[in-house]
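Structure record follows, encoded as structure tokens.
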Amino acid sequence: MPNQLAKETSPYLLQHADNPVDWYPWGEEALALAREQDKPILLSIGYSACHWCHVMAHESFEDPATAAVMNEHFINIKVDREERPDLDQIYQSAHGLMNRRSGGWPLTMFLTPDQTPFYGGTYFPPAPRYNLPGFADLLVRVAGAYREQKPQILAQRSTLLDALDRRTFNAGMPDATAIRHGVARLQELFDTINGGLGHAPKFPNVPDWAFLVRVGDAGLNEMIRRTLTAMANGGIYDHLGGGFCRYSVDEGWEIPHFEKMLYDNGQLLCLYADGWQLLGEPRYRTVVEETVDWMQREMRDAGGAFYAALDADSEGEEGKYYVWRREELAALLSREEFEAIKQNYGLQETPNFEHQFWHLRASAEPDMPREVQQKLLQARELRVRPSRDDKILTSWNALAIKGLARSGRVFGKPQWIAVAQAATDFIRDNLWQDGILLATYKNGQARLNAYLDDHAFLLDALLELLQAEFRQQDLQFAIDIGDTLLARFEDEAGGFFFTSHDHETLIHRPKSPHDNAIPSGNGVAAFALQRLGHLLGEMRYLQAAEKAVQYFGGELAANPAACPSLLCAAQESLTPATLVILRGERSMLADWMRALSTHWLPGAMIVAIPADAKTGFPALDKKPGAAVNAWVCRGVECLPEIGELDALVAVL
């Protein structure tokens, strides 16, 4: 008989709806039961594409004996971390404080009825192994500890909450020293052999590389080239279908954890488009083209928005959809075709996945003929596909919109810009309701209060979209989102809370400057509000951005490499973006924008507005005196209007 998750829309929660565990979604019903029955809460946080979440589900949550212990001793709550990143942030932070190591998924936390954690971990096996206790035994011990040591557990509450709330940062406006120190620290972490940062497991770390690309130091170019090329050639990239997996389990990018996430690929579109402009590597353009093709082919909803993720597993095995036996490849290809790829894709070596399969990765510049790629892709598509998490998340769609808009502008692909606009229209029509932004959409239902990331990423994406092709509705939407961000998230002391002022009261209200796999909402909000403020000449946006940068100034000085998105905002507060407003005939504007897109101009924001458009803002409604006129401003300093393209290029 289905449990309480059967009424949910999250694919992850629905995966557990038939468990013998009496699961509840997070909400007042479950929390009230815990208080009334004085039972501890077993909180399990994961997501649908998570391999180890599936493993623990099969081993423990589908086991009737284990479920019986859970149901007897606990109120069991399942959370999709992609729908409730607020809860995930809180309890991942608590895990780190309690265990003195980073967490992950599945996250398994035991809470008192008032939501305070008192014990936790990540994955637990059914029987003791990996130096971990067996889950069923652990359940009995934790339940016993709660009954027998309740006074001690409750006494720890204030200490833990104080530690979670210790978020006061030393304020002060950062200077160029913080940016230099951030660069130096990332240089120290650089893997000079394989590219990327740090050791295995190796993540793309897109916010870090986006910052380094923006810095504009030619001395960083080889770091950037080595990393982008290594990822594009490695197994983390899908050489047949396009798109990147979440991370590599080894230092050399060879074998990935096979889940594909929208948030990674949206960011990587931007990074590779920027890398192509900066370094001119043809491979980067191919990567962008193939990734956009994958997003449209496998991740796009009929309404125009994008789904969240593809699973790592198919038929219960991680990577089964993607890996090959050598004899399969030889049977599908002619002798000449097989020989053409054998050397460069590692097929002459021993199997690189579970000692019996090959996962394709290029040992040098990829040279797979197009017909071979298509033949293998068509054969692969006959396999059982990984499941797809088909919920639509506002924040992750915003990252995809930005990536598509940037790539469409850089590579002269108006069809990509149109795809970005369609996703934007979907969000405006379905997730923007009565002046409130919602976080997730599934089966015709938009729900859940949107978070800081949703607002910040969407504002940033809209500003990127305005540079790709001006639409009045996108400008108005950007203003609406900017105003909502200030009204519902800004802290009077500076910076922005992760949850809105009217959000459900939880044990902690996060407010962080740090980037993870996705950028910091505070960093992106400060960056985007600065640009919106300069574009419209609105001081309230500029002042909010400056307060945020200043609030976290001490953290930027002490730990700059942890805050690359905020460093980008600090950099533009020190040297404001060069704002270029173009006005003129539509066809001529398109010619100017095509010419400008070939230049690497990371510190510029260029908006082309047709002469017949009326925005309602004096800073934008300038009258062209020629076929096209350009107005260039840096901060509060503006140049006389420019009527020649060559003269504008020279200025920029």
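FYI, nothing fancy with the structure tokens labels: chains A, B, ... in order, residues from 1 per chain, ligands from 1 as they appear.
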Q: With a distance cut-off of 12 Å and only C-alpha atoms, select the neighbouring residues of Met1 (chain A), excluding the residue or stretch itself and same-chain residues fewer than 4 positions from it, and output the selection as a PyMOL selection string.
A: chain A and resi 5-6+16-23
Kindly save the residues from that selection, with N, CA and C atoms included, as a compact mmCIF listing (two decimals), in the first residue's frame.
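Result file follows (selection-v8.txt):
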# COMPACT_ATOMS: atom_id res chain seq x y z
N LEU A 5 3.93 9.52 0.42
CA LEU A 5 4.62 10.17 -0.69
C LEU A 5 3.85 10.05 -2.00
N ALA A 6 2.85 9.21 -2.05
CA ALA A 6 2.12 8.97 -3.30
C ALA A 6 1.43 10.23 -3.83
N HIS A 16 9.85 6.38 -3.84
CA HIS A 16 9.77 5.76 -2.52
C HIS A 16 8.32 5.59 -2.04
N ALA A 17 7.37 5.87 -2.94
CA ALA A 17 5.97 5.84 -2.52
C ALA A 17 5.49 4.43 -2.19
N ASP A 18 6.12 3.41 -2.75
CA ASP A 18 5.71 2.03 -2.49
C ASP A 18 6.61 1.32 -1.49
N ASN A 19 7.54 2.03 -0.88
CA ASN A 19 8.36 1.42 0.17
C ASN A 19 7.47 0.97 1.33
N PRO A 20 7.85 -0.08 2.04
CA PRO A 20 7.13 -0.43 3.27
C PRO A 20 7.37 0.57 4.40
N VAL A 21 8.30 1.47 4.22
CA VAL A 21 8.52 2.56 5.19
C VAL A 21 7.33 3.51 5.13
N ASP A 22 6.85 3.93 6.28
CA ASP A 22 5.74 4.89 6.34
C ASP A 22 6.31 6.30 6.19
N TRP A 23 6.74 6.59 4.96
CA TRP A 23 7.35 7.89 4.68
C TRP A 23 6.30 9.01 4.68
**Q.** Nearest to Asn194 (chain A) by atom-to-atom distance, counting only C-alpha atoms, from A:Phe498, A:Phe135, A:Trp253, A:Phe617
**A.** A:Trp253
Q | Spatial neighbours of region 576-592 of chain A, max dist 7 Å, only C-alpha atoms, sep filter under 2 positions, as a ChimeraX atom specification | A | /A:572-574,594-596,603-611,620,624,627-635,645
Export of the given selection (N, CA and C atoms) as an mmCIF file, in the first residue's frame:
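Here's the written file result.cif:
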data_model
loop_
_atom_site.group_PDB
_atom_site.id
_atom_site.type_symbol
_atom_site.label_atom_id
_atom_site.label_comp_id
_atom_site.auth_asym_id
_atom_site.auth_seq_id
_atom_site.Cartn_x
_atom_site.Cartn_y
_atom_site.Cartn_z
ATOM 1 N N GLU A 572 33.612 43.768 -10.298
ATOM 2 C CA GLU A 572 32.839 44.788 -11.018
ATOM 3 C C GLU A 572 32.473 45.968 -10.128
ATOM 4 N N SER A 573 32.525 45.786 -8.819
ATOM 5 C CA SER A 573 32.329 46.949 -7.955
ATOM 6 C C SER A 573 33.568 47.834 -7.973
ATOM 7 N N LEU A 574 34.740 47.223 -8.145
ATOM 8 C CA LEU A 574 35.984 47.990 -8.244
ATOM 9 C C LEU A 574 36.149 48.613 -9.619
ATOM 10 N N ARG A 594 26.702 40.912 -34.298
ATOM 11 C CA ARG A 594 27.499 39.788 -34.807
ATOM 12 C C ARG A 594 28.980 40.126 -34.792
ATOM 13 N N ALA A 595 29.310 41.332 -35.171
ATOM 14 C CA ALA A 595 30.718 41.738 -35.187
ATOM 15 C C ALA A 595 31.285 41.809 -33.773
ATOM 16 N N LEU A 596 30.513 42.353 -32.842
ATOM 17 C CA LEU A 596 31.001 42.480 -31.470
ATOM 18 C C LEU A 596 31.132 41.126 -30.783
ATOM 19 N N GLY A 603 34.168 42.187 -19.483
ATOM 20 C CA GLY A 603 33.766 43.286 -18.607
ATOM 21 C C GLY A 603 32.770 44.225 -19.235
ATOM 22 N N ALA A 604 32.124 43.795 -20.327
ATOM 23 C CA ALA A 604 31.176 44.660 -21.016
ATOM 24 C C ALA A 604 29.781 44.050 -20.990
ATOM 25 N N MET A 605 28.791 44.911 -20.929
ATOM 26 C CA MET A 605 27.393 44.518 -21.085
ATOM 27 C C MET A 605 26.832 45.314 -22.249
ATOM 28 N N ILE A 606 26.438 44.604 -23.314
ATOM 29 C CA ILE A 606 26.032 45.248 -24.559
ATOM 30 C C ILE A 606 24.576 44.899 -24.832
ATOM 31 N N VAL A 607 23.734 45.920 -24.909
ATOM 32 C CA VAL A 607 22.306 45.727 -25.149
ATOM 33 C C VAL A 607 21.925 46.516 -26.390
ATOM 34 N N ALA A 608 21.379 45.813 -27.388
ATOM 35 C CA ALA A 608 20.976 46.432 -28.652
ATOM 36 C C ALA A 608 19.457 46.586 -28.654
ATOM 37 N N ILE A 609 18.991 47.840 -28.703
ATOM 38 C CA ILE A 609 17.556 48.121 -28.598
ATOM 39 C C ILE A 609 17.095 48.757 -29.913
ATOM 40 N N PRO A 610 16.139 48.146 -30.599
ATOM 41 C CA PRO A 610 15.652 48.737 -31.848
ATOM 42 C C PRO A 610 15.154 50.161 -31.646
ATOM 43 N N ALA A 611 15.329 50.956 -32.670
ATOM 44 C CA ALA A 611 14.996 52.380 -32.560
ATOM 45 C C ALA A 611 13.521 52.605 -32.264
ATOM 46 N N LEU A 620 17.855 54.281 -21.464
ATOM 47 C CA LEU A 620 17.814 53.353 -22.594
ATOM 48 C C LEU A 620 17.146 53.947 -23.827
ATOM 49 N N PRO A 624 18.786 57.474 -31.894
ATOM 50 C CA PRO A 624 19.959 57.350 -32.759
ATOM 51 C C PRO A 624 19.993 58.460 -33.799
ATOM 52 N N ALA A 627 22.368 55.271 -38.595
ATOM 53 C CA ALA A 627 21.737 53.959 -38.725
ATOM 54 C C ALA A 627 21.831 53.199 -37.417
ATOM 55 N N VAL A 628 22.994 53.296 -36.751
ATOM 56 C CA VAL A 628 23.193 52.748 -35.415
ATOM 57 C C VAL A 628 24.043 53.730 -34.632
ATOM 58 N N ASN A 629 23.671 53.975 -33.402
ATOM 59 C CA ASN A 629 24.515 54.748 -32.485
ATOM 60 C C ASN A 629 24.796 53.928 -31.245
ATOM 61 N N ALA A 630 25.981 54.112 -30.693
ATOM 62 C CA ALA A 630 26.375 53.431 -29.463
ATOM 63 C C ALA A 630 26.671 54.467 -28.395
ATOM 64 N N TRP A 631 26.174 54.215 -27.194
ATOM 65 C CA TRP A 631 26.493 55.026 -26.030
ATOM 66 C C TRP A 631 27.263 54.136 -25.055
ATOM 67 N N VAL A 632 28.443 54.543 -24.668
ATOM 68 C CA VAL A 632 29.341 53.739 -23.842
ATOM 69 C C VAL A 632 29.553 54.443 -22.512
ATOM 70 N N CYS A 633 29.289 53.718 -21.425
ATOM 71 C CA CYS A 633 29.502 54.268 -20.090
ATOM 72 C C CYS A 633 30.299 53.280 -19.254
ATOM 73 N N ARG A 634 31.220 53.810 -18.460
ATOM 74 C CA ARG A 634 31.929 53.023 -17.456
ATOM 75 C C ARG A 634 31.648 53.660 -16.107
ATOM 76 N N GLY A 635 30.797 52.990 -15.325
ATOM 77 C CA GLY A 635 30.391 53.601 -14.066
ATOM 78 C C GLY A 635 29.591 54.855 -14.352
ATOM 79 N N LEU A 645 31.069 51.383 -36.317
ATOM 80 C CA LEU A 645 31.381 50.119 -35.654
ATOM 81 C C LEU A 645 32.858 50.011 -35.320
#
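For region 255-271 of chain A, the set of protein, DNA and RNA residues having any atom at most 6 Å away, when counting only C-alpha atoms and skipping those fewer than 6 positions along the same chain, is Ala49, Gly235, Ile236, Cys245, Arg246, Tyr247, Ser248, Val249, Val288, Ala308, Ala309, Leu310, Asp311, Ala312, Gly319, Trp396, Leu399, Ala400 and Gly403 of chain A.
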Take the residues just selected and output them with N, CA and C atoms as a PDB file, in the first residue's frame.
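Listing of result_33.pdb after writing:
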ATOM      1  N   ALA A  49      18.550  11.179  -9.270  1.00  0.00           N
ATOM      2  CA  ALA A  49      19.663  10.678 -10.081  1.00  0.00           C
ATOM      3  C   ALA A  49      20.818  10.162  -9.233  1.00  0.00           C
ATOM      4  N   GLY A 235      36.178  11.109 -20.095  1.00  0.00           N
ATOM      5  CA  GLY A 235      34.943  10.355 -20.007  1.00  0.00           C
ATOM      6  C   GLY A 235      33.829  11.089 -19.300  1.00  0.00           C
ATOM      7  N   ILE A 236      34.128  12.203 -18.651  1.00  0.00           N
ATOM      8  CA  ILE A 236      33.061  12.993 -18.030  1.00  0.00           C
ATOM      9  C   ILE A 236      32.152  13.599 -19.099  1.00  0.00           C
ATOM     10  N   CYS A 245      28.645  14.644 -17.521  1.00  0.00           N
ATOM     11  CA  CYS A 245      28.228  13.991 -16.292  1.00  0.00           C
ATOM     12  C   CYS A 245      28.653  14.845 -15.093  1.00  0.00           C
ATOM     13  N   ARG A 246      28.174  14.460 -13.911  1.00  0.00           N
ATOM     14  CA  ARG A 246      28.318  15.331 -12.738  1.00  0.00           C
ATOM     15  C   ARG A 246      29.762  15.450 -12.265  1.00  0.00           C
ATOM     16  N   TYR A 247      30.510  14.353 -12.239  1.00  0.00           N
ATOM     17  CA  TYR A 247      31.914  14.437 -11.835  1.00  0.00           C
ATOM     18  C   TYR A 247      32.636  13.176 -12.259  1.00  0.00           C
ATOM     19  N   SER A 248      33.963  13.216 -12.143  1.00  0.00           N
ATOM     20  CA  SER A 248      34.804  12.065 -12.453  1.00  0.00           C
ATOM     21  C   SER A 248      35.267  11.425 -11.148  1.00  0.00           C
ATOM     22  N   VAL A 249      35.247  10.097 -11.111  1.00  0.00           N
ATOM     23  CA  VAL A 249      35.680   9.409  -9.895  1.00  0.00           C
ATOM     24  C   VAL A 249      37.199   9.343  -9.794  1.00  0.00           C
ATOM     25  N   VAL A 288      29.916  22.739 -27.188  1.00  0.00           N
ATOM     26  CA  VAL A 288      28.709  23.533 -26.965  1.00  0.00           C
ATOM     27  C   VAL A 288      27.591  23.066 -27.887  1.00  0.00           C
ATOM     28  N   ALA A 308      15.231  18.274 -14.954  1.00  0.00           N
ATOM     29  CA  ALA A 308      16.298  18.441 -13.973  1.00  0.00           C
ATOM     30  C   ALA A 308      17.512  17.552 -14.217  1.00  0.00           C
ATOM     31  N   ALA A 309      17.309  16.251 -14.516  1.00  0.00           N
ATOM     32  CA  ALA A 309      18.460  15.349 -14.491  1.00  0.00           C
ATOM     33  C   ALA A 309      18.157  14.039 -15.184  1.00  0.00           C
ATOM     34  N   LEU A 310      19.232  13.357 -15.584  1.00  0.00           N
ATOM     35  CA  LEU A 310      19.187  11.960 -16.002  1.00  0.00           C
ATOM     36  C   LEU A 310      19.901  11.124 -14.953  1.00  0.00           C
ATOM     37  N   ASP A 311      19.348   9.961 -14.671  1.00  0.00           N
ATOM     38  CA  ASP A 311      19.890   9.067 -13.657  1.00  0.00           C
ATOM     39  C   ASP A 311      21.247   8.514 -14.075  1.00  0.00           C
ATOM     40  N   ALA A 312      22.041   8.116 -13.080  1.00  0.00           N
ATOM     41  CA  ALA A 312      23.299   7.424 -13.347  1.00  0.00           C
ATOM     42  C   ALA A 312      23.070   5.973 -13.724  1.00  0.00           C
ATOM     43  N   GLY A 319      25.909   3.327 -15.059  1.00  0.00           N
ATOM     44  CA  GLY A 319      26.671   3.453 -16.289  1.00  0.00           C
ATOM     45  C   GLY A 319      26.322   2.471 -17.385  1.00  0.00           C
ATOM     46  N   TRP A 396      17.598  26.034 -11.890  1.00  0.00           N
ATOM     47  CA  TRP A 396      18.406  25.297 -12.865  1.00  0.00           C
ATOM     48  C   TRP A 396      18.038  25.695 -14.288  1.00  0.00           C
ATOM     49  N   LEU A 399      19.964  28.797 -15.116  1.00  0.00           N
ATOM     50  CA  LEU A 399      21.343  28.522 -15.542  1.00  0.00           C
ATOM     51  C   LEU A 399      21.376  28.068 -16.992  1.00  0.00           C
ATOM     52  N   ALA A 400      20.394  27.257 -17.401  1.00  0.00           N
ATOM     53  CA  ALA A 400      20.331  26.809 -18.790  1.00  0.00           C
ATOM     54  C   ALA A 400      20.002  27.968 -19.728  1.00  0.00           C
ATOM     55  N   GLY A 403      23.119  29.974 -20.245  1.00  0.00           N
ATOM     56  CA  GLY A 403      24.066  29.280 -21.109  1.00  0.00           C
ATOM     57  C   GLY A 403      23.645  29.316 -22.564  1.00  0.00           C
TER      58      GLY A 403
END
